[in-house]
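Below is model.cif, which holds mmCIF, C-alpha atoms and all ligand atoms.
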```cif
data_input
#
loop_
_atom_site.label_atom_id
_atom_site.label_comp_id
_atom_site.auth_asym_id
_atom_site.auth_seq_id
_atom_site.Cartn_x
_atom_site.Cartn_y
_atom_site.Cartn_z
CA MET A 1 -21.91 -18.21 -61.67
CA LYS A 2 -20.04 -20.70 -63.87
CA GLU A 3 -20.40 -23.45 -61.32
CA GLN A 4 -24.10 -22.78 -61.03
CA THR A 5 -24.92 -23.29 -64.70
CA LYS A 6 -23.39 -26.78 -64.53
CA VAL A 7 -26.05 -28.00 -62.13
CA ASN A 8 -28.59 -30.15 -63.90
CA VAL A 9 -32.29 -30.00 -63.42
CA PRO A 10 -32.98 -32.75 -60.86
CA ILE A 11 -33.82 -36.14 -62.35
CA TRP A 12 -37.29 -36.28 -60.80
CA MET A 13 -38.56 -33.95 -63.51
CA GLU A 14 -37.86 -36.60 -66.14
CA LYS A 15 -40.15 -39.33 -64.85
CA THR A 16 -42.90 -40.31 -67.23
CA PRO A 17 -46.21 -39.18 -65.85
CA THR A 18 -49.04 -41.72 -65.63
CA LYS A 19 -51.43 -38.83 -66.21
CA ALA A 20 -54.50 -40.13 -64.42
CA ILE A 21 -56.86 -37.61 -62.84
CA VAL A 22 -57.50 -38.29 -59.17
CA GLU A 23 -60.37 -36.40 -57.54
CA TYR A 24 -61.16 -35.83 -53.90
CA ASN A 25 -63.59 -33.74 -51.89
CA LEU A 26 -62.49 -32.41 -48.54
CA GLU A 27 -65.20 -31.00 -46.30
CA ALA A 28 -63.84 -28.92 -43.45
CA SER A 29 -66.09 -28.91 -40.42
CA GLU A 30 -66.42 -29.22 -36.66
CA PHE A 31 -67.44 -32.66 -35.38
CA GLY A 32 -67.31 -34.93 -32.37
CA TRP A 33 -64.40 -37.38 -32.53
CA GLU A 34 -63.81 -40.31 -30.24
CA ILE A 35 -60.10 -40.48 -29.39
CA ALA A 36 -60.60 -43.33 -26.91
CA PRO A 37 -63.72 -45.30 -25.89
CA GLY A 38 -66.18 -42.73 -24.51
CA LYS A 39 -63.68 -39.87 -24.81
CA ILE A 40 -65.10 -37.44 -27.33
CA ILE A 41 -63.51 -34.19 -28.37
CA GLN A 42 -64.90 -31.38 -30.52
CA ALA A 43 -62.48 -31.67 -33.40
CA TRP A 44 -62.06 -29.56 -36.51
CA GLY A 45 -61.05 -31.55 -39.53
CA PHE A 46 -61.84 -32.98 -42.93
CA ASN A 47 -64.72 -35.32 -43.84
CA GLY A 48 -65.62 -35.86 -40.19
CA GLN A 49 -62.50 -37.85 -39.44
CA LEU A 50 -59.21 -37.27 -37.70
CA PRO A 51 -56.79 -37.33 -39.43
CA GLY A 52 -58.59 -36.36 -42.63
CA PRO A 53 -58.76 -38.98 -45.40
CA THR A 54 -55.48 -40.23 -46.84
CA LEU A 55 -55.18 -38.84 -50.37
CA LYS A 56 -53.34 -41.10 -52.81
CA ALA A 57 -51.96 -40.73 -56.32
CA ASN A 58 -49.19 -42.02 -58.56
CA VAL A 59 -46.27 -39.90 -59.73
CA GLY A 60 -47.42 -37.72 -62.62
CA ASP A 61 -51.13 -37.88 -61.80
CA THR A 62 -53.22 -34.73 -61.66
CA MET A 63 -54.93 -34.31 -58.31
CA VAL A 64 -58.14 -32.31 -58.19
CA ILE A 65 -59.11 -31.59 -54.59
CA ARG A 66 -62.21 -29.56 -53.82
CA VAL A 67 -62.18 -28.06 -50.35
CA THR A 68 -65.53 -26.93 -48.93
CA ASN A 69 -65.46 -24.85 -45.80
CA HIS A 70 -68.26 -25.62 -43.29
CA LEU A 71 -66.37 -23.97 -40.43
CA LYS A 72 -67.39 -20.63 -38.96
CA GLU A 73 -64.09 -19.09 -39.96
CA PRO A 74 -61.90 -18.95 -43.10
CA THR A 75 -59.48 -21.73 -43.90
CA MET A 76 -57.00 -22.82 -46.59
CA VAL A 77 -55.11 -26.02 -47.27
CA HIS A 78 -51.34 -26.25 -47.70
CA TRP A 79 -49.87 -29.36 -49.38
CA HIS A 80 -46.77 -29.79 -47.29
CA GLY A 81 -43.81 -30.99 -49.38
CA LEU A 82 -45.49 -31.14 -52.77
CA ARG A 83 -43.57 -29.38 -55.54
CA ILE A 84 -46.62 -27.86 -57.18
CA PRO A 85 -47.26 -24.41 -58.72
CA ALA A 86 -47.06 -21.48 -56.30
CA VAL A 87 -50.72 -20.54 -56.79
CA MET A 88 -51.74 -23.97 -55.42
CA ASP A 89 -49.56 -23.74 -52.29
CA GLY A 90 -52.45 -22.73 -50.05
CA THR A 91 -51.01 -19.73 -48.26
CA GLU A 92 -52.28 -16.19 -47.75
CA VAL A 93 -49.83 -14.74 -50.31
CA VAL A 94 -51.10 -16.90 -53.19
CA GLN A 95 -54.84 -17.20 -52.59
CA LYS A 96 -57.75 -15.69 -50.72
CA PRO A 97 -58.80 -17.72 -47.70
CA ILE A 98 -61.79 -20.00 -48.30
CA GLU A 99 -64.61 -18.25 -46.47
CA PRO A 100 -67.35 -20.18 -44.62
CA GLY A 101 -69.65 -21.75 -47.21
CA GLU A 102 -67.13 -21.38 -50.05
CA VAL A 103 -65.45 -24.05 -52.17
CA PHE A 104 -61.95 -23.87 -53.60
CA GLU A 105 -60.60 -26.34 -56.12
CA TYR A 106 -56.92 -27.21 -55.90
CA ARG A 107 -55.50 -28.80 -59.04
CA PHE A 108 -51.92 -29.88 -59.57
CA VAL A 109 -49.66 -32.62 -60.95
CA VAL A 110 -47.75 -34.55 -58.28
CA PRO A 111 -44.14 -34.80 -59.54
CA ASP A 112 -42.52 -36.85 -56.76
CA ALA A 113 -43.15 -40.10 -54.93
CA GLY A 114 -43.12 -39.88 -51.17
CA THR A 115 -44.94 -39.28 -47.92
CA PHE A 116 -46.52 -35.85 -47.83
CA TRP A 117 -49.31 -34.28 -45.84
CA TYR A 118 -51.84 -31.51 -45.96
CA HIS A 119 -52.90 -29.13 -43.26
CA SER A 120 -54.70 -25.88 -42.66
CA HIS A 121 -52.64 -22.74 -43.25
CA VAL A 122 -54.97 -20.25 -41.55
CA ASN A 123 -55.13 -19.71 -37.79
CA GLU A 124 -52.93 -22.81 -37.56
CA THR A 125 -52.34 -22.69 -33.83
CA GLU A 126 -56.04 -23.46 -33.43
CA GLN A 127 -57.02 -25.23 -36.67
CA MET A 128 -54.09 -27.65 -36.75
CA GLU A 129 -54.28 -28.32 -33.03
CA LYS A 130 -57.93 -29.30 -33.44
CA GLY A 131 -57.18 -31.77 -36.20
CA MET A 132 -57.07 -30.12 -39.62
CA TYR A 133 -54.50 -32.37 -41.26
CA GLY A 134 -54.13 -35.62 -43.18
CA ALA A 135 -51.66 -37.74 -45.17
CA LEU A 136 -51.03 -37.46 -48.91
CA ILE A 137 -49.16 -40.39 -50.43
CA VAL A 138 -47.60 -40.44 -53.88
CA GLU A 139 -46.52 -43.85 -55.14
CA ASP A 140 -44.17 -44.94 -57.90
CA GLN A 141 -43.20 -48.25 -59.54
CA THR A 142 -39.70 -47.79 -58.14
CA ASP A 143 -40.95 -48.10 -54.54
CA PRO A 144 -39.45 -51.12 -52.75
CA VAL A 145 -41.66 -54.22 -52.46
CA MET A 146 -42.99 -54.52 -48.92
CA ASP A 147 -45.31 -56.94 -47.10
CA GLY A 148 -47.56 -54.13 -45.98
CA GLU A 149 -47.77 -50.46 -45.29
CA LYS A 150 -48.98 -48.25 -42.46
CA ILE A 151 -49.44 -44.52 -42.32
CA ILE A 152 -48.65 -43.24 -38.86
CA VAL A 153 -49.70 -39.66 -38.15
CA ILE A 154 -48.36 -38.36 -34.85
CA ASP A 155 -50.07 -35.66 -32.86
CA ASP A 156 -50.66 -34.57 -29.31
CA MET A 157 -53.41 -32.41 -27.91
CA LYS A 158 -53.65 -30.22 -24.87
CA LEU A 159 -57.09 -30.86 -23.41
CA SER A 160 -58.82 -29.91 -20.19
CA ALA A 161 -60.16 -32.52 -17.74
CA GLU A 162 -63.48 -32.19 -19.66
CA ASN A 163 -61.68 -33.06 -22.93
CA GLU A 164 -61.99 -29.52 -24.20
CA PHE A 165 -59.32 -27.60 -26.00
CA THR A 166 -57.69 -25.36 -23.46
CA LYS A 167 -57.20 -21.80 -24.60
CA PRO A 168 -53.78 -20.42 -23.88
CA GLY A 169 -54.79 -18.76 -20.64
CA TRP A 170 -53.24 -16.01 -18.63
CA PHE A 171 -49.68 -14.85 -18.50
CA ALA A 172 -47.75 -17.95 -17.46
CA PRO A 173 -49.40 -20.60 -19.69
CA ARG A 174 -49.41 -18.23 -22.63
CA ILE A 175 -45.72 -17.46 -22.31
CA ILE A 176 -44.94 -21.16 -21.96
CA GLU A 177 -46.96 -22.07 -25.02
CA ARG A 178 -45.36 -19.30 -27.03
CA HIS A 179 -41.90 -20.38 -25.96
CA ASP A 180 -42.24 -24.18 -26.11
CA GLY A 181 -44.95 -24.42 -28.72
CA ARG A 182 -48.16 -26.13 -27.75
CA GLN A 183 -47.49 -29.62 -26.47
CA GLY A 184 -50.16 -31.74 -24.80
CA ASP A 185 -50.54 -34.95 -22.83
CA THR A 186 -53.14 -36.52 -25.09
CA LEU A 187 -50.93 -38.65 -27.33
CA LEU A 188 -52.45 -39.63 -30.65
CA ILE A 189 -51.52 -41.97 -33.47
CA ASN A 190 -53.97 -41.57 -36.35
CA GLY A 191 -56.39 -39.71 -34.09
CA GLN A 192 -56.50 -42.45 -31.43
CA GLU A 193 -55.09 -42.80 -27.94
CA ASN A 194 -53.44 -46.13 -27.04
CA SER A 195 -53.87 -47.59 -30.49
CA ILE A 196 -52.76 -51.09 -31.42
CA LEU A 197 -50.59 -51.60 -34.49
CA ASP A 198 -50.84 -55.16 -35.79
CA ILE A 199 -48.12 -56.75 -37.86
CA HIS A 200 -47.63 -60.36 -38.95
CA ALA A 201 -44.61 -62.27 -37.68
CA GLY A 202 -41.99 -62.74 -40.38
CA GLN A 203 -43.11 -59.72 -42.36
CA THR A 204 -41.55 -56.33 -43.01
CA GLU A 205 -43.74 -53.28 -43.48
CA ARG A 206 -43.21 -49.74 -44.66
CA TRP A 207 -44.36 -47.28 -42.06
CA ARG A 208 -44.81 -43.75 -43.32
CA VAL A 209 -44.51 -41.57 -40.23
CA ILE A 210 -45.76 -37.99 -40.30
CA ASN A 211 -45.34 -35.58 -37.40
CA ALA A 212 -48.47 -33.40 -37.52
CA SER A 213 -48.12 -32.00 -34.01
CA SER A 214 -47.66 -28.32 -33.25
CA ALA A 215 -44.43 -28.66 -31.37
CA ARG A 216 -43.54 -32.20 -30.28
CA TYR A 217 -40.08 -33.55 -31.03
CA PHE A 218 -40.84 -37.22 -31.65
CA VAL A 219 -37.94 -39.64 -31.26
CA LEU A 220 -39.35 -42.84 -32.68
CA HIS A 221 -38.22 -45.92 -30.76
CA LEU A 222 -39.48 -49.51 -30.90
CA ASP A 223 -38.26 -50.59 -27.48
CA GLY A 224 -34.72 -50.96 -28.80
CA ARG A 225 -35.54 -53.04 -31.89
CA GLU A 226 -33.67 -52.16 -35.05
CA PHE A 227 -35.46 -50.68 -38.04
CA LYS A 228 -34.34 -49.11 -41.30
CA ILE A 229 -34.87 -45.55 -42.45
CA ILE A 230 -35.70 -45.77 -46.17
CA GLY A 231 -37.17 -42.35 -46.91
CA THR A 232 -37.45 -38.79 -45.71
CA ASP A 233 -39.51 -35.72 -46.67
CA GLY A 234 -38.67 -35.88 -50.38
CA GLY A 235 -38.97 -39.66 -50.90
CA LEU A 236 -36.48 -42.51 -50.79
CA ILE A 237 -32.94 -41.94 -49.56
CA GLU A 238 -29.95 -43.59 -51.29
CA HIS A 239 -29.25 -46.45 -48.91
CA PRO A 240 -31.33 -47.84 -46.03
CA GLN A 241 -30.01 -46.74 -42.64
CA LEU A 242 -30.16 -49.25 -39.78
CA VAL A 243 -31.05 -47.47 -36.51
CA THR A 244 -32.88 -47.96 -33.21
CA GLU A 245 -34.26 -44.41 -33.04
CA VAL A 246 -35.01 -41.49 -35.32
CA LEU A 247 -35.96 -37.88 -34.57
CA ILE A 248 -39.02 -36.60 -36.43
CA THR A 249 -39.65 -32.91 -35.79
CA PRO A 250 -42.97 -31.14 -36.48
CA GLY A 251 -43.63 -31.20 -40.23
CA GLU A 252 -41.05 -33.89 -41.03
CA ARG A 253 -41.74 -37.34 -42.44
CA VAL A 254 -39.67 -40.49 -42.15
CA ASP A 255 -40.39 -43.77 -43.93
CA ILE A 256 -39.08 -46.81 -42.11
CA ALA A 257 -38.94 -50.54 -42.79
CA VAL A 258 -39.95 -52.44 -39.64
CA GLY A 259 -39.76 -56.15 -38.93
CA PRO A 260 -39.56 -59.06 -39.12
CA PHE A 261 -40.65 -59.81 -35.56
CA ASN A 262 -41.57 -63.02 -33.76
CA GLU A 263 -45.11 -64.20 -33.22
CA GLY A 264 -46.52 -63.06 -29.88
CA GLU A 265 -44.14 -60.14 -29.37
CA THR A 266 -45.73 -56.99 -27.96
CA PHE A 267 -43.84 -53.77 -27.54
CA PRO A 268 -44.47 -50.02 -27.33
CA LEU A 269 -44.08 -47.46 -30.07
CA GLU A 270 -42.63 -44.64 -28.07
CA SER A 271 -40.97 -41.31 -28.28
CA LEU A 272 -37.76 -41.03 -26.32
CA ALA A 273 -37.16 -37.86 -24.33
CA TYR A 274 -35.74 -35.05 -26.44
CA ASN A 275 -34.38 -32.12 -24.55
CA ARG A 276 -35.12 -28.96 -26.53
CA SER A 277 -34.78 -26.48 -23.68
CA THR A 278 -38.49 -26.17 -23.01
CA PHE A 279 -40.24 -25.21 -19.79
CA LEU A 280 -41.98 -28.60 -19.97
CA LYS A 281 -39.69 -31.40 -18.92
CA ALA A 282 -38.75 -33.81 -21.70
CA LYS A 283 -39.92 -37.36 -21.04
CA ARG A 284 -40.15 -40.75 -22.68
CA GLU A 285 -43.75 -41.53 -23.66
CA THR A 286 -45.68 -44.39 -25.22
CA PHE A 287 -47.94 -43.52 -28.16
CA ALA A 288 -49.14 -46.98 -29.25
CA THR A 289 -48.58 -50.71 -28.84
CA VAL A 290 -47.27 -52.99 -31.56
CA LYS A 291 -48.69 -56.53 -31.52
CA VAL A 292 -47.10 -59.25 -33.61
CA GLY A 293 -49.61 -61.79 -34.90
CA GLU A 294 -49.35 -65.13 -36.67
CA GLN A 295 -46.47 -65.91 -39.01
CA LYS A 296 -46.95 -65.02 -42.67
CA HIS A 297 -44.90 -65.46 -45.81
CA SER A 298 -42.75 -62.47 -46.80
CA VAL A 299 -42.13 -61.01 -50.24
CA VAL A 300 -40.15 -57.98 -49.08
CA PHE A 301 -37.33 -56.71 -51.27
CA ILE A 302 -35.43 -53.62 -50.16
CA PRO A 303 -32.46 -52.99 -52.47
CA GLU A 304 -29.20 -51.69 -51.00
CA THR A 305 -29.45 -48.74 -53.38
CA LEU A 306 -32.95 -47.30 -53.25
CA ARG A 307 -32.13 -44.57 -55.73
CA GLN A 308 -29.34 -42.19 -56.69
CA ILE A 309 -29.36 -38.64 -55.37
CA GLU A 310 -27.00 -36.30 -57.20
CA PRO A 311 -25.49 -33.69 -54.91
CA LEU A 312 -26.62 -30.16 -55.85
CA ALA A 313 -23.50 -28.54 -54.44
CA LYS A 314 -20.23 -29.30 -52.70
CA GLN A 315 -19.85 -28.75 -48.98
CA ASP A 316 -17.71 -25.64 -49.56
CA ALA A 317 -20.07 -24.04 -52.12
CA ALA A 318 -20.32 -20.26 -51.73
CA ILE A 319 -23.24 -19.10 -49.60
CA THR A 320 -25.87 -17.13 -51.56
CA ARG A 321 -28.12 -16.18 -48.63
CA LYS A 322 -28.06 -16.16 -44.85
CA VAL A 323 -31.15 -16.90 -42.82
CA LYS A 324 -30.83 -16.30 -39.10
CA LEU A 325 -33.39 -17.65 -36.67
CA SER A 326 -33.28 -16.01 -33.27
CA VAL A 327 -35.36 -15.21 -30.24
CA GLY A 328 -35.43 -11.79 -28.66
CA PRO A 329 -37.23 -9.95 -25.89
CA SER A 330 -40.54 -8.32 -26.72
CA LEU A 331 -42.43 -5.83 -24.59
CA LYS A 332 -45.80 -7.06 -25.77
CA ASP A 333 -45.48 -10.83 -25.46
CA GLY A 334 -42.32 -11.40 -23.48
CA MET A 335 -40.55 -12.94 -26.44
CA SER A 336 -40.28 -12.48 -30.18
CA PHE A 337 -39.37 -15.10 -32.77
CA LEU A 338 -37.26 -13.62 -35.53
CA VAL A 339 -35.93 -14.22 -39.04
CA ASN A 340 -32.92 -11.98 -39.74
CA ASN A 341 -33.86 -9.87 -36.70
CA ASP A 342 -37.40 -9.17 -37.86
CA VAL A 343 -40.88 -10.71 -37.70
CA HIS A 344 -43.08 -11.78 -40.66
CA VAL A 345 -40.29 -10.98 -43.11
CA HIS A 346 -40.32 -10.26 -46.85
CA ASP A 347 -37.09 -11.80 -48.05
CA LYS A 348 -35.34 -11.06 -51.36
CA PRO A 349 -36.44 -12.94 -54.49
CA VAL A 350 -34.50 -15.85 -56.03
CA LEU A 351 -34.11 -16.52 -59.74
CA THR A 352 -35.21 -19.64 -61.59
CA GLY A 353 -32.21 -21.86 -62.38
CA GLU A 354 -29.87 -20.11 -59.96
CA LEU A 355 -28.48 -22.51 -57.40
CA GLN A 356 -29.34 -21.48 -53.84
CA VAL A 357 -26.89 -22.19 -51.05
CA TRP A 358 -28.38 -20.93 -47.83
CA GLU A 359 -26.73 -20.74 -44.49
CA LEU A 360 -29.32 -21.35 -41.79
CA ALA A 361 -28.12 -20.11 -38.44
CA ASN A 362 -29.99 -20.72 -35.24
CA THR A 363 -28.57 -18.31 -32.69
CA SER A 364 -31.22 -19.08 -30.08
CA LEU A 365 -30.97 -21.54 -27.21
CA MET A 366 -33.86 -23.69 -28.46
CA ASP A 367 -34.46 -25.98 -31.46
CA HIS A 368 -36.39 -24.85 -34.54
CA PRO A 369 -37.60 -27.06 -37.41
CA PHE A 370 -37.03 -24.98 -40.57
CA HIS A 371 -39.53 -25.61 -43.39
CA LEU A 372 -39.25 -24.40 -46.99
CA HIS A 373 -42.51 -24.48 -48.97
CA GLY A 374 -42.77 -26.23 -52.33
CA GLN A 375 -39.10 -27.13 -52.80
CA PHE A 376 -36.76 -29.92 -51.87
CA PHE A 377 -33.34 -29.07 -50.54
CA GLN A 378 -30.25 -31.01 -49.58
CA VAL A 379 -28.35 -30.46 -46.37
CA ILE A 380 -24.76 -30.08 -47.52
CA GLU A 381 -23.16 -29.14 -44.21
CA GLU A 382 -24.18 -29.33 -40.58
CA ASP A 383 -21.94 -27.55 -38.08
CA GLY A 384 -18.94 -27.94 -40.37
CA LYS A 385 -19.57 -31.60 -41.21
CA ALA A 386 -21.17 -33.38 -44.15
CA PRO A 387 -24.55 -34.96 -43.28
CA ALA A 388 -24.71 -38.67 -42.40
CA TYR A 389 -26.53 -39.47 -45.65
CA MET A 390 -27.96 -37.79 -48.73
CA ALA A 391 -31.65 -36.97 -48.67
CA TRP A 392 -34.21 -34.61 -50.15
CA LYS A 393 -35.74 -32.52 -47.39
CA ASP A 394 -38.34 -29.81 -46.96
CA THR A 395 -38.13 -29.56 -43.16
CA VAL A 396 -34.99 -29.86 -41.08
CA ASN A 397 -34.14 -29.35 -37.44
CA LEU A 398 -31.75 -26.66 -36.31
CA THR A 399 -30.31 -27.37 -32.88
CA PRO A 400 -29.49 -24.46 -30.53
CA ARG A 401 -26.56 -22.29 -31.64
CA SER A 402 -26.01 -24.28 -34.80
CA LYS A 403 -25.37 -23.57 -38.46
CA MET A 404 -26.37 -25.54 -41.49
CA LYS A 405 -25.88 -25.15 -45.23
CA ILE A 406 -28.66 -26.22 -47.54
CA ALA A 407 -28.73 -26.25 -51.34
CA TRP A 408 -31.77 -26.05 -53.58
CA MET A 409 -32.56 -25.21 -57.18
CA PRO A 410 -35.48 -22.90 -57.94
CA ASP A 411 -37.24 -24.29 -61.02
CA ASP A 412 -39.69 -22.41 -63.20
CA ARG A 413 -42.55 -22.51 -60.69
CA LYS A 414 -42.50 -18.76 -60.34
CA GLY A 415 -44.46 -16.99 -57.66
CA MET A 416 -44.57 -16.41 -53.94
CA TRP A 417 -43.23 -19.02 -51.54
CA MET A 418 -42.38 -19.03 -47.90
CA TYR A 419 -40.22 -20.58 -45.22
CA HIS A 420 -40.86 -20.74 -41.51
CA CYS A 421 -40.32 -22.54 -38.25
CA HIS A 422 -42.77 -25.48 -38.10
CA ILE A 423 -43.35 -25.07 -34.38
CA ILE A 424 -46.70 -23.52 -35.11
CA GLU A 425 -46.61 -21.00 -32.27
CA HIS A 426 -43.18 -19.75 -33.39
CA HIS A 427 -44.45 -19.41 -36.96
CA ALA A 428 -47.47 -17.44 -35.71
CA ALA A 429 -45.23 -15.23 -33.57
CA GLY A 430 -43.27 -14.15 -36.67
CA MET A 431 -40.53 -16.67 -37.38
CA MET A 432 -41.38 -16.79 -41.09
CA ALA A 433 -40.62 -15.14 -44.42
CA HIS A 434 -42.18 -14.80 -47.85
CA PHE A 435 -40.05 -14.55 -50.98
CA GLU A 436 -40.56 -14.71 -54.70
CA VAL A 437 -39.17 -17.15 -57.25
CA LYS A 438 -38.76 -15.01 -60.41
CU1 LIG B 501 -46.45 -27.57 -43.08
CU2 LIG B 501 -46.25 -23.51 -43.97
O1 LIG B 501 -46.28 -25.55 -43.49
CU CU B 502 -39.21 -22.36 -33.74
#
```
Reformat the file's structure so that it appears as structure tokens.
Amino acid sequence: MKEQTKVNVPIWMEKTPTKAIVEYNLEASEFGWEIAPGKIIQAWGFNGQLPGPTLKANVGDTMVIRVTNHLKEPTMVHWHGLRIPAVMDGTEVVQKPIEPGEVFEYRFVVPDAGTFWYHSHVNETEQMEKGMYGALIVEDQTDPVMDGEKIIVIDDMKLSAENEFTKPGWFAPRIIERHDGRQGDTLLINGQENSILDIHAGQTERWRVINASSARYFVLHLDGREFKIIGTDGGLIEHPQLVTEVLITPGERVDIAVGPFNEGETFPLESLAYNRSTFLKAKRETFATVKVGEQKHSVVFIPETLRQIEPLAKQDAAITRKVKLSVGPSLKDGMSFLVNNDVHVHDKPVLTGELQVWELANTSLMDHPFHLHGQFFQVIEEDGKAPAYMAWKDTVNLTPRSKMKIAWMPDDRKGMWMYHCHIIEHHAAGMMAHFEVK
């Protein structure tokens, strides 16, 4: 207890808000969407585009987003990663679904800069698969100066030869989809197959990468070229990390600095194979092509220290809660996806201002991306070791038979929250829990 009271309220609460009001209308509907020349799918999405419009604000702004539902079924929008009041979180425990023909107005202050996203939180296995998602970007004056910026939303779709959404069919496909999550062969960047990403030679851009797919483990690779990780789910990390690949699991975001490249270079943006013990064989796949155009002057400035992140807890901090993710047999569906040995769990409440140190244990033989709604946490230990670097996260991958310790501080946003596996089919099958912040 004594140790806990020493923990300060995170510094992000102290930023001066700019206090503008930013308004958007999102119209949910079904529409034809061309993913490649002549290849039209019946998508579900926002404002007739896939992904939905990118929503932008500055730290401290109030966003007012009116969602109108023109679909034939209820929907709701969840603001993935935003630390907003519980009643605005867009889940079934905090609001009534928006019925066909209804409008719901979401209104909240955005307290943190970073790459966030929004997506449907009703019948997700269908609504998200069909395209009900988009990016939400919050900017701040402390962002590094870049030559340009791209938002890269990753998805894949499982379509029939007629470009229709295949329903999970009979026994075998259904079991596979439940086990693996739904992964398809139609590879999309910003709603397009085989897209071209243009960048000027000599320049360095910030690419905000969002994995909006149901189940794909995306290992971003630029044909071996080095790039720098500068941000994760909860905004900038402390120091840029030079890498040649980075894993982005469903729900996660990674901001990278790419370039400079030489004029005339062309190379693929691919995902390397990631073996997550699925029925489907893991393979290396190309999602888009990067084309380097004429040389341009650069103004980029990426400081060695992007910001300071104070640790919430030491690696050996006492565990306050255990969350076990496991997979068990089920008579009805062949397999059940469990949190602490149960499905669709109601977990114990947590108290405002009481440091949470959770042990996440994955006892299954497959990976699960764990997502906590409305809060940022820090990974303080991963299989007995400190993490490679400090970051604020809201989604993190748990490898098979692994344990992780995360720390987070419930602030005074009281109400119902949830955590779940972000492989949408696992979430739907029960690997989720609600809990209250009191
Ligand atoms: Cu993006 Cu309930 O999650
Ligand atoms: Cu899972």
Selection as an MDAnalysis selection string: residues within 8 Å of ligand LIG 501 (chain B) by all atoms listed in the file: chainID A and resid 78:81 91 117:119 121 251 371:373 418:420 422
Output of the above residues as an mmCIF file, keeping the file's coordinate frame, restricted to C-alpha atoms:
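So part-v3.cif came out as:
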```cif
data_model
loop_
_atom_site.group_PDB
_atom_site.id
_atom_site.type_symbol
_atom_site.label_atom_id
_atom_site.label_comp_id
_atom_site.auth_asym_id
_atom_site.auth_seq_id
_atom_site.Cartn_x
_atom_site.Cartn_y
_atom_site.Cartn_z
ATOM 1 C CA HIS A 78 -51.340 -26.250 -47.700
ATOM 2 C CA TRP A 79 -49.870 -29.360 -49.380
ATOM 3 C CA HIS A 80 -46.770 -29.790 -47.290
ATOM 4 C CA GLY A 81 -43.810 -30.990 -49.380
ATOM 5 C CA THR A 91 -51.010 -19.730 -48.260
ATOM 6 C CA TRP A 117 -49.310 -34.280 -45.840
ATOM 7 C CA TYR A 118 -51.840 -31.510 -45.960
ATOM 8 C CA HIS A 119 -52.900 -29.130 -43.260
ATOM 9 C CA HIS A 121 -52.640 -22.740 -43.250
ATOM 10 C CA GLY A 251 -43.630 -31.200 -40.230
ATOM 11 C CA HIS A 371 -39.530 -25.610 -43.390
ATOM 12 C CA LEU A 372 -39.250 -24.400 -46.990
ATOM 13 C CA HIS A 373 -42.510 -24.480 -48.970
ATOM 14 C CA MET A 418 -42.380 -19.030 -47.900
ATOM 15 C CA TYR A 419 -40.220 -20.580 -45.220
ATOM 16 C CA HIS A 420 -40.860 -20.740 -41.510
ATOM 17 C CA HIS A 422 -42.770 -25.480 -38.100
#
```
Env. residues ligand CU 502 (chain B) / 10 Å / all atoms listed in the file / as a PyMOL selection string: chain A and resi 178-181+215+250+325-327+337-338+362+364+366-370+397-398+420-432
Minimum-distance residue to Val343 of chain A, chosen among A:Thr75, A:His434, A:Gln192, A:Ile380 (using all atoms listed in the file): A:His434
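Closest approach to Gly231 of chain A among A:Ile302, A:Ala86, A:Val350, A:Ala57: A:Ile302, based on only C-alpha atoms.
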Who sits within 8 Å of Ala43 of chain A, only C-alpha atoms, same chain under 6 positions skipped, as a PyMOL selection string: chain A and resi 30-33+50+130-131
Straight-line distance linking atom CA of Glu304 of chain A with atom CA of Glu270 of chain A, stated in Å to one decimal: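 Taking atom CA of Glu304 of chain A and atom CA of Glu270 of chain A, their separation equals 27.5 Å.
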Contacts of Asp61 of chain A at 8 Å (all atoms listed in the file; same-chain gap of 4+ positions) as number ranges by chain: A: 17-22, 57, 109-111
For those residues, write C-alpha atoms to a file as an mmCIF file, in the frame of the given file.
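Okay, this is what ended up in selection.cif:
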```
data_model
loop_
_atom_site.group_PDB
_atom_site.id
_atom_site.type_symbol
_atom_site.label_atom_id
_atom_site.label_comp_id
_atom_site.auth_asym_id
_atom_site.auth_seq_id
_atom_site.Cartn_x
_atom_site.Cartn_y
_atom_site.Cartn_z
ATOM 1 C CA PRO A 17 -46.210 -39.180 -65.850
ATOM 2 C CA THR A 18 -49.040 -41.720 -65.630
ATOM 3 C CA LYS A 19 -51.430 -38.830 -66.210
ATOM 4 C CA ALA A 20 -54.500 -40.130 -64.420
ATOM 5 C CA ILE A 21 -56.860 -37.610 -62.840
ATOM 6 C CA VAL A 22 -57.500 -38.290 -59.170
ATOM 7 C CA ALA A 57 -51.960 -40.730 -56.320
ATOM 8 C CA VAL A 109 -49.660 -32.620 -60.950
ATOM 9 C CA VAL A 110 -47.750 -34.550 -58.280
ATOM 10 C CA PRO A 111 -44.140 -34.800 -59.540
#
```
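Taking all atoms listed in the file into account, Thr204 of chain A lies nearest to A:Lys228 out of the set A:Lys228, A:Lys283, A:Arg253, A:Lys96.
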Report the centre and edge lengths, in Å to one decimal, of an axis-aligned box enclosing every atom of segment 428-436 of chain A listed in the file, padded by 3 Å on each side, as lines of an AutoDock Vina configuration file.
```
center_x = -43.8
center_y = -15.8
center_z = -44.1
size_x = 13.4
size_y = 9.3
size_z = 27.1
```
Closest of A:Gln356, A:Thr320, A:Thr54, A:Asn275 to Ile137 of chain A - atom-to-atom distances counting only C-alpha atoms: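 Nearest candidate to Ile137 of chain A out of A:Gln356, A:Thr320, A:Thr54, A:Asn275: A:Thr54.
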Close residues, Val153 of chain A itself excluded, 9 Å, only C-alpha atoms, min 4 positions apart in chain, as a list of chain:residue names: A:Pro51, A:Gly134, A:Ala135, A:Leu188, A:Ile189, A:Asn190, A:Gly191, A:Arg208, A:Val209, A:Ile210, A:Asn211, A:Ala212, A:Ser213
